[in-house]
Amino acid sequence: MQTPSVCVVTGASSGLGRAIALQFAQNGWQVVALARSQALLEQLRLEHTGIDILPVDLTDAAQLAAATAELSARYGQLDQVILNAGTCEYVEAENLDLGAFERTFRLNVQAVVACTKAWLPLLQLSAAPRLAIVSSLAHLFPFGRAEAYGASKAAITYFTESLRVDLADTPVQVCLIEPGFVDTPLTQKNDFPMPFLLGSTDAASRIYRALMHGKLRLQFPLRLTLSLKLLNLCPYGLRQKLAARMARQAKRGQQ
């Protein structure tokens, strides 16, 4: 009997990560779901026999090292890694919260880089290794109060694309995933309209299909992607005015 391929998913206790883990498990993969909440991971494991769990705080270097040793001992190699764990905190320009920037970059950027460094050797043992990193469409346009979140996603997008260049002569395929608004516990806290909102199962299915077809970059949904790219074609001054108007409208909607 053929051993199933191993897929690691971070941030798998809820939302998009949870849906991705279930999508891969349902398609015959051996999934290893990582997150901080052991209780939520236990609930996920009960839903499908193809899911193992590994509670870990990826921003903690010691916990990441222990998780890496555990992955190596259990599986020997990893065939696919999906770095999905992330957070979002909005800030106020008049009184920038440095703590929000630190927390956001610690998980959205530094933890992604740390996981890449730790797990790349395990991926390189696979015959067909794939590393997928989840960014966001948010970095395509300056949204109000998104200085910390958008900047972190711009940083991780550049990291992913640069990493792909440096790994071009290796078997590791590096994929960039940039979703728009997905209905998750994180986005449910938003107090502004979210155009073209997708369910997490729908988003996970799109991601699975794209990865199985070997896409290097997935931006979705299409209507939001095109809207943001069209806005970026505007002259810079007009683009800035449009962004400021959208931010003001969002603030009025919160009042």
# chains A, B, ... in the order shown; residues from 1 in each chain; ligands from 1
$ closest_atom_pairs --of "range 132-200 of chain A" --to "range 94-104 of chain A" --cutoff "9 Å" --atoms "only C-alpha atoms" --output "JSON lines"
{"residue": "A:Glu147", "atom": "CA", "partner": "A:Phe101", "partner_atom": "CA", "distance": 8.4}
{"residue": "A:Ala148", "atom": "CA", "partner": "A:Phe101", "partner_atom": "CA", "distance": 5.2}
{"residue": "A:Tyr149", "atom": "CA", "partner": "A:Thr104", "partner_atom": "CA", "distance": 6.6}
{"residue": "A:Ser152", "atom": "CA", "partner": "A:Thr104", "partner_atom": "CA", "distance": 7.0}
$ residues_around --residues "Asn84 in chain A" --least-positions-apart "4" --cutoff "7 Å" --atoms "only C-alpha atoms" --output "PDB file with C-alpha atoms, in the first residue's frame"
ATOM      1  CA  VAL A   9      -0.762  23.233   7.160  1.00  0.00           C
ATOM      2  CA  THR A  10      -0.117  26.020   9.658  1.00  0.00           C
ATOM      3  CA  GLY A  11      -2.888  28.037  11.255  1.00  0.00           C
ATOM      4  CA  GLY A  17      -6.283  26.830   7.392  1.00  0.00           C
ATOM      5  CA  ILE A 133       2.809  30.723   1.271  1.00  0.00           C
ATOM      6  CA  VAL A 134      -0.453  32.562   1.942  1.00  0.00           C
TER       7      VAL A 134
END
$ select_by_dssp --residues "range 112-171 of chain A" --states "strand (DSSP E)" --output "compact mmCIF listing (two decimals) with C-alpha atoms, in the first residue's frame"
# COMPACT_ATOMS: atom_id res chain seq x y z
CA ARG A 130 6.00 22.22 -2.84
CA LEU A 131 6.03 25.23 -0.52
CA ALA A 132 2.90 27.42 -0.59
CA ILE A 133 2.81 30.72 1.27
CA VAL A 134 -0.45 32.56 1.94
$ atom_distance --atom1 "CA of Leu226 in chain A" --atom2 "CA of Ala243 in chain A"
16.0 Å
$ closest_residue --among "A:Arg223, A:Gln63, A:Arg239, A:Ile177" --to "Ala210 in chain A" --atoms "only C-alpha atoms"
A:Ile177
$ closest_residue --among "A:Leu64, A:Leu211, A:Ala127, A:Cys88" --to "Thr184 in chain A" --atoms "only C-alpha atoms"
A:Cys88
$ closest_residue --among "A:Ile51, A:Ala151, A:Ala35, A:Leu197" --to "Ala21 in chain A" --atoms "only C-alpha atoms"
A:Ile51
$ residues_around --residues "Thr59 in chain A" --least-positions-apart "6" --cutoff "12 Å" --atoms "only C-alpha atoms" --output "JSON, numbers by chain"
{"A": [10, 11, 35, 36, 65, 67, 85, 86, 102, 103, 104, 105, 106, 107, 108, 109, 110, 111, 112, 113, 114, 115]}
$ residues_around --residues "Ser126 in chain A" --least-positions-apart "4" --cutoff "10 Å" --atoms "only C-alpha atoms" --output "ChimeraX atom specification"
/A:5-6,76-80,121-122,130,171-172
$ atom_distance --atom1 "CA of Val182 in chain A" --atom2 "CA of Leu137 in chain A"
11.2 Å
$ residues_around --residues "Ala93 in chain A" --least-positions-apart "6" --cutoff "10 Å" --atoms "only C-alpha atoms" --output "list in words"
Gly144, Arg145, Ala146 and Glu147 of chain A
$ atom_distance --atom1 "CA of Gln43 in chain A" --atom2 "CA of Cys7 in chain A"
18.6 Å
$ residues_around --residues "Val8 in chain A" --least-positions-apart "3" --cutoff "6 Å" --atoms "only C-alpha atoms" --output "MDAnalysis selection string"
chainID A and resid 31:32 81
$ closest_residue --among "A:Phe181, A:Phe143, A:Tyr236, A:Phe220" --to "Arg248 in chain A" --atoms "only C-alpha atoms"
A:Phe143
$ residues_around --residues "Ala19 in chain A" --least-positions-apart "2" --cutoff "12 Å" --atoms "only C-alpha atoms" --output "CSV table (one decimal) with N, CA, C and O atoms, in the first residue's frame"
chain,number,residue,atom,x,y,z
A,9,VAL,N,0.0,22.0,7.3
A,9,VAL,CA,-0.8,23.2,7.2
A,9,VAL,C,-0.6,24.0,8.5
A,9,VAL,O,-1.0,23.4,9.5
A,10,THR,N,-0.2,25.2,8.4
A,10,THR,CA,-0.1,26.0,9.7
A,10,THR,C,-1.4,26.9,9.8
A,10,THR,O,-2.1,27.1,8.8
A,11,GLY,N,-1.7,27.3,11.0
A,11,GLY,CA,-2.9,28.0,11.3
A,11,GLY,C,-4.1,27.2,10.9
A,11,GLY,O,-5.1,27.7,10.4
A,12,ALA,N,-4.1,25.9,11.3
A,12,ALA,CA,-5.1,25.0,10.8
A,12,ALA,C,-6.2,24.8,11.8
A,12,ALA,O,-7.1,24.0,11.6
A,13,SER,N,-6.3,25.5,12.9
A,13,SER,CA,-7.3,25.3,13.9
A,13,SER,C,-8.6,25.9,13.6
A,13,SER,O,-9.7,25.5,14.1
A,14,SER,N,-8.6,26.9,12.6
A,14,SER,CA,-9.9,27.5,12.3
A,14,SER,C,-9.8,28.2,10.9
A,14,SER,O,-8.7,28.2,10.3
A,15,GLY,N,-10.9,28.7,10.4
A,15,GLY,CA,-10.9,29.5,9.2
A,15,GLY,C,-10.3,28.8,8.0
A,15,GLY,O,-10.6,27.6,7.7
A,16,LEU,N,-9.5,29.5,7.2
A,16,LEU,CA,-9.0,29.0,5.9
A,16,LEU,C,-8.1,27.9,6.1
A,16,LEU,O,-8.1,26.9,5.4
A,17,GLY,N,-7.2,27.9,7.2
A,17,GLY,CA,-6.3,26.8,7.4
A,17,GLY,C,-7.0,25.5,7.7
A,17,GLY,O,-6.6,24.4,7.2
A,21,ALA,N,-6.8,22.1,5.4
A,21,ALA,CA,-6.4,20.8,6.0
A,21,ALA,C,-7.5,19.8,5.6
A,21,ALA,O,-7.1,18.6,5.2
A,22,LEU,N,-8.8,20.1,5.8
A,22,LEU,CA,-9.8,19.1,5.4
A,22,LEU,C,-9.8,18.8,3.9
A,22,LEU,O,-10.0,17.7,3.5
A,23,GLN,N,-9.6,19.8,3.1
A,23,GLN,CA,-9.6,19.6,1.7
A,23,GLN,C,-8.5,18.6,1.3
A,23,GLN,O,-8.7,17.7,0.5
A,24,PHE,N,-7.3,18.8,1.8
A,24,PHE,CA,-6.2,17.8,1.5
A,24,PHE,C,-6.5,16.4,2.0
A,24,PHE,O,-6.2,15.4,1.4
A,25,ALA,N,-7.0,16.4,3.3
A,25,ALA,CA,-7.3,15.1,3.9
A,25,ALA,C,-8.3,14.3,3.1
A,25,ALA,O,-8.2,13.1,2.9
A,26,GLN,N,-9.3,15.0,2.6
A,26,GLN,CA,-10.4,14.4,1.8
A,26,GLN,C,-9.9,13.9,0.5
A,26,GLN,O,-10.5,13.1,-0.1
A,31,VAL,N,-2.4,14.7,6.3
A,31,VAL,CA,-2.2,16.1,6.7
A,31,VAL,C,-1.7,16.2,8.2
A,31,VAL,O,-2.1,15.5,9.0
A,33,ALA,N,-1.8,19.1,10.9
A,33,ALA,CA,-2.3,20.4,11.2
A,33,ALA,C,-1.6,21.0,12.4
A,33,ALA,O,-1.6,20.4,13.4
A,44,LEU,N,-10.6,19.2,15.1
A,44,LEU,CA,-10.3,18.9,13.6
A,44,LEU,C,-10.0,17.5,13.4
A,44,LEU,O,-10.4,16.9,12.4
A,47,GLU,N,-12.7,15.0,12.8
A,47,GLU,CA,-13.5,15.1,11.5
A,47,GLU,C,-12.9,14.3,10.4
A,47,GLU,O,-13.7,14.0,9.4
A,48,HIS,N,-11.7,13.9,10.5
A,48,HIS,CA,-11.1,13.1,9.4
A,48,HIS,C,-9.9,12.2,9.8
A,48,HIS,O,-9.1,12.7,10.6
A,84,ASN,N,0.1,29.1,6.3
A,84,ASN,CA,-1.2,29.9,6.2
A,84,ASN,C,-1.4,30.8,7.5
A,84,ASN,O,-2.1,31.7,7.5
A,182,VAL,N,-12.0,36.3,2.9
A,182,VAL,CA,-12.5,34.9,3.2
A,182,VAL,C,-13.3,35.0,4.5
A,182,VAL,O,-12.8,35.5,5.5
A,183,ASP,N,-14.4,34.3,4.6
A,183,ASP,CA,-15.2,34.3,5.8
A,183,ASP,C,-14.6,33.4,6.8
A,183,ASP,O,-14.6,32.2,6.8
A,184,THR,N,-13.9,34.0,7.8
A,184,THR,CA,-13.2,33.3,8.9
A,184,THR,C,-13.4,34.0,10.2
A,184,THR,O,-13.9,35.2,10.2
A,199,GLY,N,-16.6,31.9,1.1
A,199,GLY,CA,-16.6,31.0,2.2
A,199,GLY,C,-15.3,30.3,2.3
A,199,GLY,O,-14.6,30.1,1.3
A,200,SER,N,-14.9,29.8,3.5
A,200,SER,CA,-13.6,29.2,3.6
A,200,SER,C,-13.5,27.9,2.8
A,200,SER,O,-12.4,27.6,2.3
A,201,THR,N,-14.5,27.1,2.7
A,201,THR,CA,-14.5,25.9,2.0
A,201,THR,C,-14.3,26.2,0.5
A,201,THR,O,-13.5,25.5,-0.2
A,202,ASP,N,-15.0,27.2,-0.1
A,202,ASP,CA,-14.8,27.6,-1.4
A,202,ASP,C,-13.3,28.0,-1.7
A,202,ASP,O,-12.7,27.6,-2.7
A,203,ALA,N,-12.8,28.8,-0.8
A,203,ALA,CA,-11.4,29.3,-0.9
A,203,ALA,C,-10.4,28.2,-0.9
A,203,ALA,O,-9.5,28.1,-1.7
A,204,ALA,N,-10.6,27.2,0.1
A,204,ALA,CA,-9.7,26.1,0.2
A,204,ALA,C,-9.7,25.2,-1.1
A,204,ALA,O,-8.7,24.7,-1.5
A,205,SER,N,-10.9,25.1,-1.6
A,205,SER,CA,-11.0,24.3,-2.9
A,205,SER,C,-10.3,24.9,-4.0
A,205,SER,O,-9.6,24.2,-4.8
A,206,ARG,N,-10.4,26.2,-4.1
A,206,ARG,CA,-9.6,27.0,-5.2
A,206,ARG,C,-8.1,26.8,-5.0
A,206,ARG,O,-7.4,26.6,-5.9
A,207,ILE,N,-7.7,26.9,-3.7
A,207,ILE,CA,-6.3,26.7,-3.4
A,207,ILE,C,-5.8,25.3,-3.8
A,207,ILE,O,-4.7,25.1,-4.4
A,208,TYR,N,-6.6,24.3,-3.4
A,208,TYR,CA,-6.2,22.9,-3.7
A,208,TYR,C,-6.0,22.7,-5.2
A,208,TYR,O,-5.1,22.1,-5.6
$ closest_residue --among "A:Ala66, A:Thr3, A:Ser37, A:Leu231" --to "Gly50 in chain A" --atoms "only C-alpha atoms"
A:Thr3
$ closest_residue --among "A:Arg18, A:Arg45, A:Lys229, A:Arg209" --to "Phe141 in chain A" --atoms "only C-alpha atoms"
A:Lys229
$ select_by_dssp --residues "range 74-160 of chain A" --states "helix (DSSP H, G or I)" --output "ChimeraX atom specification"
/A:74-75,93-95,98-123,137-140,147-160
